[in-house]
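Right, one structure below, let's go through it.
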Amino acid sequence: MPIQWSHPRFGTLHYDGVWWRREIKIASLQSFTYIDAAVRAYRSEPERFELVFQCEPEDEQPNAEMAAIASTVLDNELQLVPDMLDAIWSDLNGQGPKSGMWWHGDLANAHGGGNGDSAVHDSLDDQELPMPTCANDLSKVLEPKNLTIRSHPSLPGHWLAEFNFHAGFDVEHGVGVLTDGVKILGIGYSSDVSLFEL
């Protein structure tokens with residue numbers, strides 16, 4: 001199987017034995033300042049952000065449908081990135097669709113003065129990270145990892161995009177945001193996001 005795949009917009013993606021990858025830059029993510037706690041001691045710069053195509057089965061090459069959803073995301077990034085931060089912020093405060101994650105509504109405890117009842121607050125405090133007070137503040141506790149284009153078991157036959165982040169409030173799992181390039185469809189652990197609960 002070829003180990004490179006080229007696209008007019010994305011250039012050359014390289015096969016790493018599992019997925020297809022290449023480094024990309026998304027202007028709307030450049031203001032994010034958090035660096036994952038596990039690597040902060042030996043790395044002063046954020047890790048390179050990648051576009052990842054997860055083909056199914058793994059020995060397939062990327063296709064036009066995958067490239068189309070990636071293009072839609074990049075075309076809409078100026079609206080999509082703020083929408084992602086708003087969705088995560090709403091989830092942390094127990095508003096909006098339910099993600100099913102442990103942090104849904106957790107931050108409301110901290111803002112209510114009961115910081116001892118907030119695991120989000122405790123995690124950020126342990127790392128001496130600022131407590132977010134609005135959606136935009138999340139850029140100080142999230143580090144962009146990759147934009148992954150993949151299929152989803154709940155929507156067979158459809159390709160979706162998932163933004164994955166290291167997260168100061170969940171260092172072990174990080175945070176992922178699922179989108180069709182226009183709407184936010186789910187929030188969960190990085191690389192393991194379910195659709196919002198109805």
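Every chain in the structure tokens has a letter given in the order shown (A, B, ...), and although residue numbers restart at 1 in each chain, ligands are simply numbered from 1 in the order shown.
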Hey, what does DSSP flag as helix (DSSP H, G or I) within region 70-114 of chain A? Can you give it to me as a list of chain:residue names?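 Here is the list: A:Ala70, A:Ser71, A:Thr72, A:Val73, A:Leu74, A:Asp75, A:Glu77, A:Leu78, A:Gln79, A:Leu80, A:Val81, A:Pro82, A:Asp83, A:Met84, A:Leu85, A:Asp86, A:Ala87, A:Ile88, A:Trp89, A:Ser90, A:Asp91, A:Leu92, A:Asp106, A:Leu107, A:Ala108, A:Asn109, A:Ala110, A:His111.
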Within 12 Å of Ala70 (chain A), counting only C-alpha atoms, which residues show up once you throw out same-chain ones fewer than 5 positions away? Write them as a PDB file with C-alpha atoms, in the first residue's frame, please.
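In the end it all went to out32.pdb:
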```pdb
ATOM      1  CA  HIS A   7      -4.714  16.340  -1.906  1.00  0.00           C
ATOM      2  CA  ARG A   9      -5.772  21.583  -0.416  1.00  0.00           C
ATOM      3  CA  PHE A  10      -4.106  19.521   2.297  1.00  0.00           C
ATOM      4  CA  ILE A  24      -1.611  21.773   9.698  1.00  0.00           C
ATOM      5  CA  ILE A  26      -5.656  26.517  12.101  1.00  0.00           C
ATOM      6  CA  GLU A  50      -2.234  17.427  12.957  1.00  0.00           C
ATOM      7  CA  LEU A  51      -4.919  16.572  10.464  1.00  0.00           C
ATOM      8  CA  VAL A  52      -5.630  12.848  10.858  1.00  0.00           C
ATOM      9  CA  PHE A  53      -7.683  10.663   8.534  1.00  0.00           C
ATOM     10  CA  PRO A  62      -8.377   8.605   2.390  1.00  0.00           C
ATOM     11  CA  ASN A  63     -11.235   9.479   0.071  1.00  0.00           C
ATOM     12  CA  ALA A  64     -13.035  12.511  -1.328  1.00  0.00           C
ATOM     13  CA  GLU A  65     -15.762  12.403   1.347  1.00  0.00           C
ATOM     14  CA  ASP A  75     -13.933  26.817   5.797  1.00  0.00           C
ATOM     15  CA  ASN A  76     -16.004  27.348   8.966  1.00  0.00           C
ATOM     16  CA  GLU A  77     -13.204  27.518  11.545  1.00  0.00           C
ATOM     17  CA  ASN A 146      -5.503  17.137  16.211  1.00  0.00           C
ATOM     18  CA  LEU A 147      -8.435  17.321  13.851  1.00  0.00           C
ATOM     19  CA  THR A 148      -9.475  13.752  13.128  1.00  0.00           C
ATOM     20  CA  ILE A 149     -11.794  12.751  10.299  1.00  0.00           C
ATOM     21  CA  ARG A 150     -13.461   9.430  11.079  1.00  0.00           C
ATOM     22  CA  TRP A 159     -17.733  10.918   8.046  1.00  0.00           C
ATOM     23  CA  LEU A 160     -17.438  13.352  10.956  1.00  0.00           C
ATOM     24  CA  ALA A 161     -14.705  15.584  12.297  1.00  0.00           C
ATOM     25  CA  GLU A 162     -13.375  15.470  15.839  1.00  0.00           C
ATOM     26  CA  PHE A 163     -11.262  18.198  17.406  1.00  0.00           C
ATOM     27  CA  THR A 179     -18.790  18.116  14.491  1.00  0.00           C
ATOM     28  CA  ASP A 180     -20.082  17.821  10.950  1.00  0.00           C
ATOM     29  CA  GLY A 181     -18.157  20.992  10.149  1.00  0.00           C
ATOM     30  CA  VAL A 182     -21.159  23.201  10.904  1.00  0.00           C
TER      31      VAL A 182
END
```
Find the residues near Gly168 (chain A): any atom within 9 Å, counting only C-alpha atoms, skip ones fewer than 5 places away on the same chain, and give them as a CSV table (one decimal) with C-alpha atoms, in the first residue's frame.
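The new file out19.csv reads:
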```csv
chain,number,residue,atom,x,y,z
A,34,TYR,CA,-2.1,25.5,27.7
A,35,ILE,CA,0.6,22.9,27.4
A,36,ASP,CA,-0.2,19.4,28.5
A,37,ALA,CA,0.9,18.9,32.1
A,120,VAL,CA,-12.6,20.6,37.5
A,123,SER,CA,-7.6,19.7,38.8
A,124,LEU,CA,-6.9,23.2,37.5
A,127,GLN,CA,-1.7,22.6,38.1
A,129,LEU,CA,-4.0,26.9,36.0
A,140,LYS,CA,-5.9,28.7,28.7
A,141,VAL,CA,-6.7,25.2,29.8
A,142,LEU,CA,-7.0,23.3,26.5
A,143,GLU,CA,-4.2,22.4,24.1
A,174,GLY,CA,-8.4,15.1,27.3
```
By how many Å are CA of Phe49 (chain A) and CA of Trp103 (chain A) apart? 25.0 Å
Quick one: of A:Gly176, A:Asp126, A:Gly105, A:Thr33, who's nearest to Leu138 (chain A), counting only C-alpha atoms? A:Thr33
